>>> print(open('target.txt').read())   # compact mmCIF, all heavy atoms
# COMPACT_ATOMS: atom_id res chain seq x y z
N MET B 1 -30.63 53.97 59.97
CA MET B 1 -31.93 53.42 60.23
C MET B 1 -31.95 51.98 59.71
O MET B 1 -31.45 51.67 58.65
CB MET B 1 -33.00 54.23 59.51
CG MET B 1 -34.37 53.65 59.70
SD MET B 1 -35.70 54.41 58.74
CE MET B 1 -35.66 56.06 59.33
N ILE B 2 -32.56 51.11 60.48
CA ILE B 2 -32.68 49.70 60.11
C ILE B 2 -34.15 49.42 59.80
O ILE B 2 -35.03 49.74 60.59
CB ILE B 2 -32.19 48.77 61.24
CG1 ILE B 2 -30.71 49.05 61.52
CG2 ILE B 2 -32.42 47.32 60.87
CD1 ILE B 2 -30.18 48.33 62.73
N ASN B 3 -34.39 48.84 58.65
CA ASN B 3 -35.76 48.47 58.26
C ASN B 3 -35.94 46.97 58.39
O ASN B 3 -35.06 46.20 58.02
CB ASN B 3 -36.04 48.89 56.81
CG ASN B 3 -36.08 50.39 56.66
OD1 ASN B 3 -36.57 51.08 57.54
ND2 ASN B 3 -35.56 50.88 55.57
N TYR B 4 -37.09 46.58 58.89
CA TYR B 4 -37.42 45.17 59.01
C TYR B 4 -38.65 44.88 58.16
O TYR B 4 -39.63 45.61 58.21
CB TYR B 4 -37.73 44.80 60.47
CG TYR B 4 -36.53 44.90 61.37
CD1 TYR B 4 -36.31 46.03 62.14
CD2 TYR B 4 -35.61 43.86 61.44
CE1 TYR B 4 -35.21 46.12 62.97
CE2 TYR B 4 -34.49 43.95 62.26
CZ TYR B 4 -34.30 45.08 63.02
OH TYR B 4 -33.21 45.17 63.82
N GLY B 5 -38.59 43.82 57.40
CA GLY B 5 -39.74 43.40 56.62
C GLY B 5 -40.55 42.37 57.37
O GLY B 5 -40.01 41.63 58.19
N ALA B 6 -41.83 42.36 57.12
CA ALA B 6 -42.69 41.37 57.76
C ALA B 6 -43.69 40.85 56.72
O ALA B 6 -44.06 41.56 55.80
CB ALA B 6 -43.43 41.98 58.93
N THR B 7 -44.10 39.62 56.88
CA THR B 7 -45.11 39.06 55.99
C THR B 7 -46.21 38.44 56.83
O THR B 7 -45.98 37.93 57.93
CB THR B 7 -44.52 37.98 55.07
OG1 THR B 7 -43.98 36.94 55.87
CG2 THR B 7 -43.45 38.55 54.16
N LEU B 8 -47.41 38.51 56.31
CA LEU B 8 -48.57 37.88 56.93
C LEU B 8 -49.20 36.97 55.90
O LEU B 8 -49.30 37.32 54.72
CB LEU B 8 -49.59 38.93 57.37
CG LEU B 8 -49.15 39.89 58.45
CD1 LEU B 8 -50.22 40.97 58.66
CD2 LEU B 8 -48.91 39.15 59.75
N ASP B 9 -49.63 35.82 56.32
CA ASP B 9 -50.29 34.88 55.43
C ASP B 9 -51.79 35.20 55.42
O ASP B 9 -52.49 34.93 56.39
CB ASP B 9 -50.04 33.45 55.91
CG ASP B 9 -50.49 32.43 54.89
OD1 ASP B 9 -50.61 32.79 53.71
OD2 ASP B 9 -50.70 31.28 55.28
N VAL B 10 -52.23 35.84 54.35
CA VAL B 10 -53.65 36.20 54.22
C VAL B 10 -54.20 35.59 52.94
O VAL B 10 -53.46 35.30 52.01
CB VAL B 10 -53.88 37.72 54.21
CG1 VAL B 10 -53.46 38.36 55.52
CG2 VAL B 10 -53.15 38.37 53.06
N ALA B 11 -55.50 35.44 52.91
CA ALA B 11 -56.16 34.85 51.74
C ALA B 11 -56.04 35.79 50.54
O ALA B 11 -56.10 37.02 50.68
CB ALA B 11 -57.63 34.60 52.04
N HIS B 12 -55.84 35.21 49.38
CA HIS B 12 -55.73 35.98 48.14
C HIS B 12 -56.99 36.81 47.90
O HIS B 12 -56.91 37.94 47.41
CB HIS B 12 -55.48 35.01 46.98
CG HIS B 12 -55.03 35.68 45.75
ND1 HIS B 12 -55.86 35.86 44.68
CD2 HIS B 12 -53.84 36.23 45.41
CE1 HIS B 12 -55.19 36.50 43.73
NE2 HIS B 12 -53.97 36.72 44.14
N GLU B 13 -58.14 36.27 48.26
CA GLU B 13 -59.40 36.98 48.10
C GLU B 13 -59.43 38.25 48.93
O GLU B 13 -59.99 39.27 48.51
CB GLU B 13 -60.60 36.10 48.49
CG GLU B 13 -60.82 34.93 47.56
CD GLU B 13 -59.90 33.75 47.86
OE1 GLU B 13 -59.25 33.73 48.93
OE2 GLU B 13 -59.84 32.85 47.02
N LEU B 14 -58.83 38.23 50.11
CA LEU B 14 -58.77 39.41 50.96
C LEU B 14 -57.92 40.51 50.32
O LEU B 14 -58.29 41.69 50.34
CB LEU B 14 -58.22 39.07 52.34
CG LEU B 14 -58.08 40.24 53.31
CD1 LEU B 14 -59.43 40.89 53.57
CD2 LEU B 14 -57.45 39.78 54.61
N VAL B 15 -56.81 40.12 49.72
CA VAL B 15 -55.96 41.11 49.04
C VAL B 15 -56.73 41.76 47.91
O VAL B 15 -56.71 42.99 47.75
CB VAL B 15 -54.67 40.45 48.51
CG1 VAL B 15 -53.85 41.45 47.71
CG2 VAL B 15 -53.85 39.89 49.66
N TRP B 16 -57.45 40.97 47.11
CA TRP B 16 -58.23 41.54 46.00
C TRP B 16 -59.35 42.42 46.51
O TRP B 16 -59.66 43.46 45.92
CB TRP B 16 -58.78 40.44 45.10
CG TRP B 16 -57.75 39.95 44.14
CD1 TRP B 16 -57.10 38.75 44.15
CD2 TRP B 16 -57.19 40.67 43.02
NE1 TRP B 16 -56.20 38.69 43.12
CE2 TRP B 16 -56.24 39.86 42.41
CE3 TRP B 16 -57.43 41.94 42.49
CZ2 TRP B 16 -55.51 40.26 41.29
CZ3 TRP B 16 -56.71 42.33 41.38
CH2 TRP B 16 -55.76 41.50 40.80
N PHE B 17 -59.98 42.05 47.62
CA PHE B 17 -61.05 42.87 48.19
C PHE B 17 -60.50 44.23 48.61
O PHE B 17 -61.08 45.27 48.27
CB PHE B 17 -61.69 42.16 49.40
CG PHE B 17 -62.65 43.04 50.14
CD1 PHE B 17 -63.92 43.27 49.62
CD2 PHE B 17 -62.30 43.64 51.33
CE1 PHE B 17 -64.81 44.09 50.29
CE2 PHE B 17 -63.18 44.47 52.00
CZ PHE B 17 -64.45 44.69 51.48
N VAL B 18 -59.38 44.24 49.32
CA VAL B 18 -58.77 45.50 49.76
C VAL B 18 -58.33 46.33 48.56
O VAL B 18 -58.50 47.56 48.54
CB VAL B 18 -57.60 45.24 50.73
CG1 VAL B 18 -56.86 46.52 51.07
CG2 VAL B 18 -58.10 44.56 52.00
N ALA B 19 -57.80 45.68 47.53
CA ALA B 19 -57.40 46.39 46.32
C ALA B 19 -58.60 47.07 45.66
O ALA B 19 -58.49 48.21 45.20
CB ALA B 19 -56.72 45.44 45.35
N ARG B 20 -59.73 46.37 45.63
CA ARG B 20 -60.94 46.98 45.06
C ARG B 20 -61.41 48.17 45.88
O ARG B 20 -61.83 49.18 45.33
CB ARG B 20 -62.06 45.94 44.96
CG ARG B 20 -61.90 45.00 43.79
CD ARG B 20 -63.16 44.19 43.52
NE ARG B 20 -63.66 43.47 44.67
CZ ARG B 20 -63.30 42.23 45.01
NH1 ARG B 20 -62.45 41.56 44.25
NH2 ARG B 20 -63.80 41.65 46.08
N VAL B 21 -61.33 48.06 47.21
CA VAL B 21 -61.71 49.18 48.08
C VAL B 21 -60.80 50.38 47.82
O VAL B 21 -61.27 51.52 47.70
CB VAL B 21 -61.66 48.76 49.57
CG1 VAL B 21 -61.83 49.96 50.48
CG2 VAL B 21 -62.73 47.71 49.86
N LEU B 22 -59.50 50.14 47.72
CA LEU B 22 -58.56 51.22 47.44
C LEU B 22 -58.84 51.85 46.08
O LEU B 22 -58.83 53.08 45.94
CB LEU B 22 -57.12 50.69 47.49
CG LEU B 22 -56.59 50.34 48.87
CD1 LEU B 22 -55.29 49.56 48.74
CD2 LEU B 22 -56.40 51.58 49.71
N HIS B 23 -59.10 51.02 45.08
CA HIS B 23 -59.39 51.52 43.74
C HIS B 23 -60.65 52.39 43.75
O HIS B 23 -60.67 53.48 43.17
CB HIS B 23 -59.56 50.35 42.77
CG HIS B 23 -59.94 50.77 41.40
ND1 HIS B 23 -59.06 51.37 40.53
CD2 HIS B 23 -61.12 50.67 40.74
CE1 HIS B 23 -59.69 51.64 39.40
NE2 HIS B 23 -60.93 51.21 39.51
N THR B 24 -61.69 51.93 44.43
CA THR B 24 -62.94 52.67 44.52
C THR B 24 -62.73 54.01 45.21
O THR B 24 -63.25 55.04 44.77
CB THR B 24 -64.00 51.85 45.26
OG1 THR B 24 -64.18 50.61 44.58
CG2 THR B 24 -65.32 52.58 45.35
N GLU B 25 -61.95 54.02 46.27
CA GLU B 25 -61.67 55.27 46.99
C GLU B 25 -60.87 56.24 46.13
O GLU B 25 -61.12 57.44 46.13
CB GLU B 25 -60.94 54.97 48.30
CG GLU B 25 -60.60 56.20 49.11
CD GLU B 25 -61.80 57.01 49.56
OE1 GLU B 25 -62.94 56.50 49.54
OE2 GLU B 25 -61.60 58.19 49.92
N ARG B 26 -59.93 55.72 45.37
CA ARG B 26 -59.16 56.59 44.47
C ARG B 26 -60.07 57.21 43.41
O ARG B 26 -59.94 58.38 43.08
CB ARG B 26 -58.04 55.81 43.79
CG ARG B 26 -56.90 55.47 44.72
CD ARG B 26 -55.82 54.72 43.98
NE ARG B 26 -54.76 54.28 44.88
CZ ARG B 26 -53.64 53.73 44.47
NH1 ARG B 26 -53.43 53.54 43.19
NH2 ARG B 26 -52.73 53.35 45.35
N GLN B 27 -61.02 56.43 42.90
CA GLN B 27 -61.97 56.96 41.92
C GLN B 27 -62.85 58.03 42.56
O GLN B 27 -63.11 59.07 41.96
CB GLN B 27 -62.85 55.85 41.36
CG GLN B 27 -62.16 54.97 40.35
CD GLN B 27 -63.09 53.93 39.78
OE1 GLN B 27 -63.97 53.42 40.47
NE2 GLN B 27 -62.90 53.61 38.51
N ARG B 28 -63.30 57.78 43.78
CA ARG B 28 -64.16 58.73 44.48
C ARG B 28 -63.45 60.05 44.69
O ARG B 28 -64.03 61.12 44.54
CB ARG B 28 -64.60 58.15 45.83
CG ARG B 28 -65.63 59.01 46.55
CD ARG B 28 -65.92 58.52 47.95
NE ARG B 28 -64.82 58.72 48.85
CZ ARG B 28 -64.50 59.91 49.42
NH1 ARG B 28 -65.18 60.98 49.14
NH2 ARG B 28 -63.48 59.99 50.27
N ARG B 29 -62.16 59.98 45.02
CA ARG B 29 -61.38 61.19 45.25
C ARG B 29 -60.92 61.86 43.97
O ARG B 29 -60.45 62.99 44.00
CB ARG B 29 -60.15 60.86 46.09
CG ARG B 29 -60.46 60.46 47.50
CD ARG B 29 -59.20 60.15 48.25
NE ARG B 29 -59.51 59.72 49.59
CZ ARG B 29 -58.79 60.07 50.65
NH1 ARG B 29 -57.73 60.82 50.51
NH2 ARG B 29 -59.13 59.66 51.84
N GLY B 30 -61.02 61.14 42.86
CA GLY B 30 -60.61 61.71 41.58
C GLY B 30 -59.11 61.65 41.35
O GLY B 30 -58.57 62.44 40.57
N THR B 31 -58.43 60.71 41.99
CA THR B 31 -56.99 60.55 41.80
C THR B 31 -56.73 60.06 40.38
O THR B 31 -57.28 59.04 39.95
CB THR B 31 -56.42 59.54 42.81
OG1 THR B 31 -56.73 59.99 44.12
CG2 THR B 31 -54.91 59.41 42.66
N ARG B 32 -55.90 60.78 39.66
CA ARG B 32 -55.61 60.41 38.28
C ARG B 32 -54.68 59.21 38.23
O ARG B 32 -53.91 58.95 39.14
CB ARG B 32 -54.99 61.60 37.55
CG ARG B 32 -55.97 62.74 37.36
CD ARG B 32 -55.36 63.82 36.49
NE ARG B 32 -54.01 64.12 36.91
CZ ARG B 32 -53.60 65.29 37.40
NH1 ARG B 32 -54.46 66.26 37.54
NH2 ARG B 32 -52.36 65.49 37.74
N ARG B 33 -54.75 58.50 37.11
CA ARG B 33 -53.90 57.34 36.87
C ARG B 33 -52.44 57.75 36.85
O ARG B 33 -52.08 58.79 36.30
CB ARG B 33 -54.27 56.78 35.50
CG ARG B 33 -54.10 55.31 35.38
CD ARG B 33 -54.80 54.87 34.10
NE ARG B 33 -55.54 53.69 34.37
CZ ARG B 33 -55.12 52.49 33.99
NH1 ARG B 33 -54.05 52.36 33.29
NH2 ARG B 33 -55.82 51.44 34.30
N GLY B 34 -51.58 56.95 37.46
CA GLY B 34 -50.15 57.21 37.44
C GLY B 34 -49.68 58.21 38.49
O GLY B 34 -48.51 58.57 38.52
N ARG B 35 -50.58 58.66 39.35
CA ARG B 35 -50.20 59.65 40.37
C ARG B 35 -49.72 58.99 41.66
O ARG B 35 -49.18 59.67 42.52
CB ARG B 35 -51.38 60.59 40.68
CG ARG B 35 -51.89 61.36 39.49
CD ARG B 35 -50.86 62.24 38.87
NE ARG B 35 -50.44 63.25 39.81
CZ ARG B 35 -49.47 64.11 39.60
NH1 ARG B 35 -48.81 64.08 38.47
NH2 ARG B 35 -49.14 64.98 40.51
N ARG B 36 -49.94 57.70 41.80
CA ARG B 36 -49.51 56.97 43.00
C ARG B 36 -48.31 56.10 42.68
O ARG B 36 -48.16 55.62 41.56
CB ARG B 36 -50.64 56.07 43.51
CG ARG B 36 -51.87 56.80 43.97
CD ARG B 36 -51.63 57.38 45.32
NE ARG B 36 -52.84 58.00 45.84
CZ ARG B 36 -53.09 58.15 47.10
NH1 ARG B 36 -52.23 57.71 47.99
NH2 ARG B 36 -54.19 58.73 47.49
N ALA B 37 -47.46 55.91 43.68
CA ALA B 37 -46.26 55.09 43.47
C ALA B 37 -46.62 53.62 43.30
O ALA B 37 -45.95 52.90 42.57
CB ALA B 37 -45.30 55.26 44.65
N LEU B 38 -47.69 53.17 43.96
CA LEU B 38 -48.09 51.77 43.90
C LEU B 38 -49.50 51.64 43.34
O LEU B 38 -50.34 52.51 43.55
CB LEU B 38 -48.07 51.14 45.31
CG LEU B 38 -46.74 51.07 46.02
CD1 LEU B 38 -46.94 50.56 47.44
CD2 LEU B 38 -45.78 50.18 45.27
N THR B 39 -49.74 50.52 42.68
CA THR B 39 -51.10 50.22 42.23
C THR B 39 -51.92 49.81 43.46
O THR B 39 -51.35 49.46 44.51
CB THR B 39 -51.10 49.05 41.22
OG1 THR B 39 -50.65 47.87 41.89
CG2 THR B 39 -50.21 49.36 40.03
N PRO B 40 -53.25 49.83 43.35
CA PRO B 40 -54.06 49.39 44.49
C PRO B 40 -53.71 47.96 44.94
O PRO B 40 -53.66 47.68 46.13
CB PRO B 40 -55.50 49.46 43.98
CG PRO B 40 -55.46 50.53 42.93
CD PRO B 40 -54.10 50.39 42.29
N TYR B 41 -53.43 47.08 43.98
CA TYR B 41 -53.08 45.70 44.33
C TYR B 41 -51.78 45.65 45.11
O TYR B 41 -51.68 44.99 46.15
CB TYR B 41 -52.99 44.84 43.07
CG TYR B 41 -52.63 43.40 43.39
CD1 TYR B 41 -53.62 42.54 43.84
CD2 TYR B 41 -51.34 42.92 43.25
CE1 TYR B 41 -53.32 41.21 44.15
CE2 TYR B 41 -51.04 41.62 43.55
CZ TYR B 41 -52.02 40.76 44.00
OH TYR B 41 -51.70 39.46 44.31
N ARG B 42 -50.75 46.35 44.64
CA ARG B 42 -49.44 46.34 45.32
C ARG B 42 -49.56 47.00 46.70
O ARG B 42 -48.91 46.58 47.65
CB ARG B 42 -48.40 47.06 44.48
CG ARG B 42 -48.05 46.36 43.18
CD ARG B 42 -47.39 45.03 43.38
NE ARG B 42 -46.11 45.21 44.04
CZ ARG B 42 -45.35 44.24 44.50
NH1 ARG B 42 -45.74 43.00 44.35
NH2 ARG B 42 -44.23 44.48 45.09
N GLN B 43 -50.39 48.02 46.80
CA GLN B 43 -50.59 48.68 48.09
C GLN B 43 -51.31 47.72 49.06
O GLN B 43 -50.98 47.67 50.24
CB GLN B 43 -51.40 49.95 47.92
CG GLN B 43 -51.47 50.80 49.17
CD GLN B 43 -52.20 52.09 48.95
OE1 GLN B 43 -52.64 52.39 47.85
NE2 GLN B 43 -52.33 52.85 50.00
N ALA B 44 -52.25 46.95 48.55
CA ALA B 44 -52.97 46.00 49.40
C ALA B 44 -52.05 44.89 49.91
O ALA B 44 -52.19 44.40 51.02
CB ALA B 44 -54.15 45.38 48.64
N LEU B 45 -51.08 44.51 49.07
CA LEU B 45 -50.14 43.49 49.49
C LEU B 45 -49.31 43.99 50.65
O LEU B 45 -48.99 43.30 51.57
CB LEU B 45 -49.19 43.10 48.36
CG LEU B 45 -49.73 42.13 47.33
CD1 LEU B 45 -48.69 41.92 46.24
CD2 LEU B 45 -50.11 40.81 47.95
>>> encode(input="target.txt", output="structure tokens")
Amino acid sequence: MINYGATLDVAHELVWFVARVLHTERQRRGTRRGRRALTPYRQAL
């Protein structure tokens, strides 16, 4: 299998907004700390 990486130039504020949305959703679902491979910020990136 061949993997290709891609990058998009997005505003830093957008990344932080998405990270906050992910964090809020994790709290709503009751996901415990350390249960995800990525932090909300890294996932938003």
>>> residues_around(input="target.txt", residues="range 14-16 of chain B", least_positions_apart="4", cutoff="4.5 Å", atoms="all heavy atoms", output="list in words")
Val10, Arg20, Tyr41, Ala44 and Leu45 of chain B
>>> atom_distance(input="target.txt", atom1="CD of Arg33 in chain B", atom2="atom O of Ala19 in chain B")
13.5 Å
>>> residues_around(input="target.txt", residues="Leu38 in chain B", least_positions_apart="3", cutoff="6 Å", atoms="all atoms listed in the file", output="list in words")
Arg26, Arg42 and Gln43 of chain B
>>> atom_distance(input="target.txt", atom1="CB of Glu13 in chain B", atom2="CA of Pro40 in chain B")
15.3 Å
>>> atom_distance(input="target.txt", atom1="CB of Ala37 in chain B", atom2="CD1 of Phe17 in chain B")
22.7 Å
>>> select_by_dssp(input="target.txt", residues="chain B", states="alpha helix (DSSP H)", output="VMD selection string")
chain B and resid 12 to 29 40 to 44
>>> decode(input="target.txt", residues="range 5-44 of chain B", atoms="N, CA and C atoms", output="compact mmCIF listing (two decimals), in the first residue's frame")
# COMPACT_ATOMS: atom_id res chain seq x y z
N GLY B 5 0.71 11.90 1.53
CA GLY B 5 0.37 12.97 2.46
C GLY B 5 -0.08 14.20 1.71
N ALA B 6 -0.94 14.95 2.33
CA ALA B 6 -1.42 16.18 1.71
C ALA B 6 -1.47 17.27 2.78
N THR B 7 -1.27 18.50 2.38
CA THR B 7 -1.39 19.61 3.31
C THR B 7 -2.30 20.67 2.70
N LEU B 8 -3.02 21.33 3.57
CA LEU B 8 -3.88 22.44 3.18
C LEU B 8 -3.47 23.65 4.01
N ASP B 9 -3.45 24.79 3.39
CA ASP B 9 -3.11 26.02 4.09
C ASP B 9 -4.40 26.61 4.67
N VAL B 10 -4.58 26.43 5.98
CA VAL B 10 -5.77 26.96 6.65
C VAL B 10 -5.34 27.89 7.77
N ALA B 11 -6.24 28.75 8.16
CA ALA B 11 -5.96 29.71 9.22
C ALA B 11 -5.78 28.99 10.56
N HIS B 12 -4.85 29.47 11.35
CA HIS B 12 -4.58 28.89 12.67
C HIS B 12 -5.83 28.95 13.54
N GLU B 13 -6.61 30.01 13.41
CA GLU B 13 -7.84 30.15 14.18
C GLU B 13 -8.83 29.04 13.86
N LEU B 14 -8.88 28.61 12.60
CA LEU B 14 -9.77 27.53 12.21
C LEU B 14 -9.36 26.21 12.87
N VAL B 15 -8.07 25.96 12.93
CA VAL B 15 -7.59 24.74 13.59
C VAL B 15 -7.99 24.74 15.05
N TRP B 16 -7.81 25.88 15.74
CA TRP B 16 -8.18 25.96 17.15
C TRP B 16 -9.69 25.82 17.33
N PHE B 17 -10.48 26.37 16.42
CA PHE B 17 -11.93 26.25 16.51
C PHE B 17 -12.34 24.78 16.41
N VAL B 18 -11.80 24.07 15.42
CA VAL B 18 -12.13 22.65 15.24
C VAL B 18 -11.66 21.84 16.44
N ALA B 19 -10.49 22.17 16.98
CA ALA B 19 -9.99 21.48 18.16
C ALA B 19 -10.95 21.66 19.35
N ARG B 20 -11.47 22.88 19.51
CA ARG B 20 -12.42 23.12 20.59
C ARG B 20 -13.71 22.33 20.39
N VAL B 21 -14.18 22.25 19.15
CA VAL B 21 -15.38 21.46 18.84
C VAL B 21 -15.14 19.99 19.17
N LEU B 22 -13.99 19.46 18.77
CA LEU B 22 -13.66 18.07 19.08
C LEU B 22 -13.58 17.84 20.59
N HIS B 23 -12.94 18.76 21.29
CA HIS B 23 -12.82 18.65 22.74
C HIS B 23 -14.20 18.64 23.41
N THR B 24 -15.07 19.55 22.98
CA THR B 24 -16.41 19.63 23.54
C THR B 24 -17.19 18.35 23.28
N GLU B 25 -17.06 17.80 22.10
CA GLU B 25 -17.76 16.55 21.77
C GLU B 25 -17.23 15.39 22.59
N ARG B 26 -15.93 15.35 22.81
CA ARG B 26 -15.36 14.30 23.65
C ARG B 26 -15.89 14.40 25.08
N GLN B 27 -16.01 15.63 25.59
CA GLN B 27 -16.56 15.82 26.93
C GLN B 27 -18.02 15.38 26.98
N ARG B 28 -18.79 15.73 25.95
CA ARG B 28 -20.20 15.36 25.90
C ARG B 28 -20.37 13.85 25.92
N ARG B 29 -19.50 13.16 25.19
CA ARG B 29 -19.58 11.70 25.13
C ARG B 29 -18.98 11.02 26.35
N GLY B 30 -18.23 11.76 27.14
CA GLY B 30 -17.63 11.19 28.34
C GLY B 30 -16.35 10.41 28.05
N THR B 31 -15.67 10.74 26.96
CA THR B 31 -14.41 10.08 26.63
C THR B 31 -13.36 10.47 27.65
N ARG B 32 -12.75 9.48 28.27
CA ARG B 32 -11.75 9.76 29.29
C ARG B 32 -10.44 10.21 28.66
N ARG B 33 -9.67 10.95 29.46
CA ARG B 33 -8.37 11.44 29.03
C ARG B 33 -7.44 10.28 28.72
N GLY B 34 -6.67 10.39 27.65
CA GLY B 34 -5.70 9.37 27.30
C GLY B 34 -6.27 8.19 26.54
N ARG B 35 -7.55 8.24 26.19
CA ARG B 35 -8.17 7.12 25.48
C ARG B 35 -8.06 7.27 23.96
N ARG B 36 -7.68 8.43 23.49
CA ARG B 36 -7.54 8.67 22.05
C ARG B 36 -6.07 8.74 21.69
N ALA B 37 -5.76 8.31 20.47
CA ALA B 37 -4.37 8.33 20.01
C ALA B 37 -3.87 9.76 19.80
N LEU B 38 -4.76 10.67 19.40
CA LEU B 38 -4.38 12.05 19.13
C LEU B 38 -5.14 13.00 20.03
N THR B 39 -4.52 14.12 20.34
CA THR B 39 -5.21 15.18 21.06
C THR B 39 -6.18 15.86 20.10
N PRO B 40 -7.16 16.60 20.62
CA PRO B 40 -8.07 17.31 19.71
C PRO B 40 -7.32 18.24 18.74
N TYR B 41 -6.27 18.89 19.23
CA TYR B 41 -5.50 19.80 18.36
C TYR B 41 -4.83 19.03 17.24
N ARG B 42 -4.16 17.91 17.56
CA ARG B 42 -3.46 17.12 16.54
C ARG B 42 -4.47 16.51 15.56
N GLN B 43 -5.63 16.13 16.05
CA GLN B 43 -6.66 15.59 15.18
C GLN B 43 -7.18 16.68 14.23
N ALA B 44 -7.31 17.90 14.74
CA ALA B 44 -7.78 19.00 13.89
C ALA B 44 -6.77 19.34 12.80
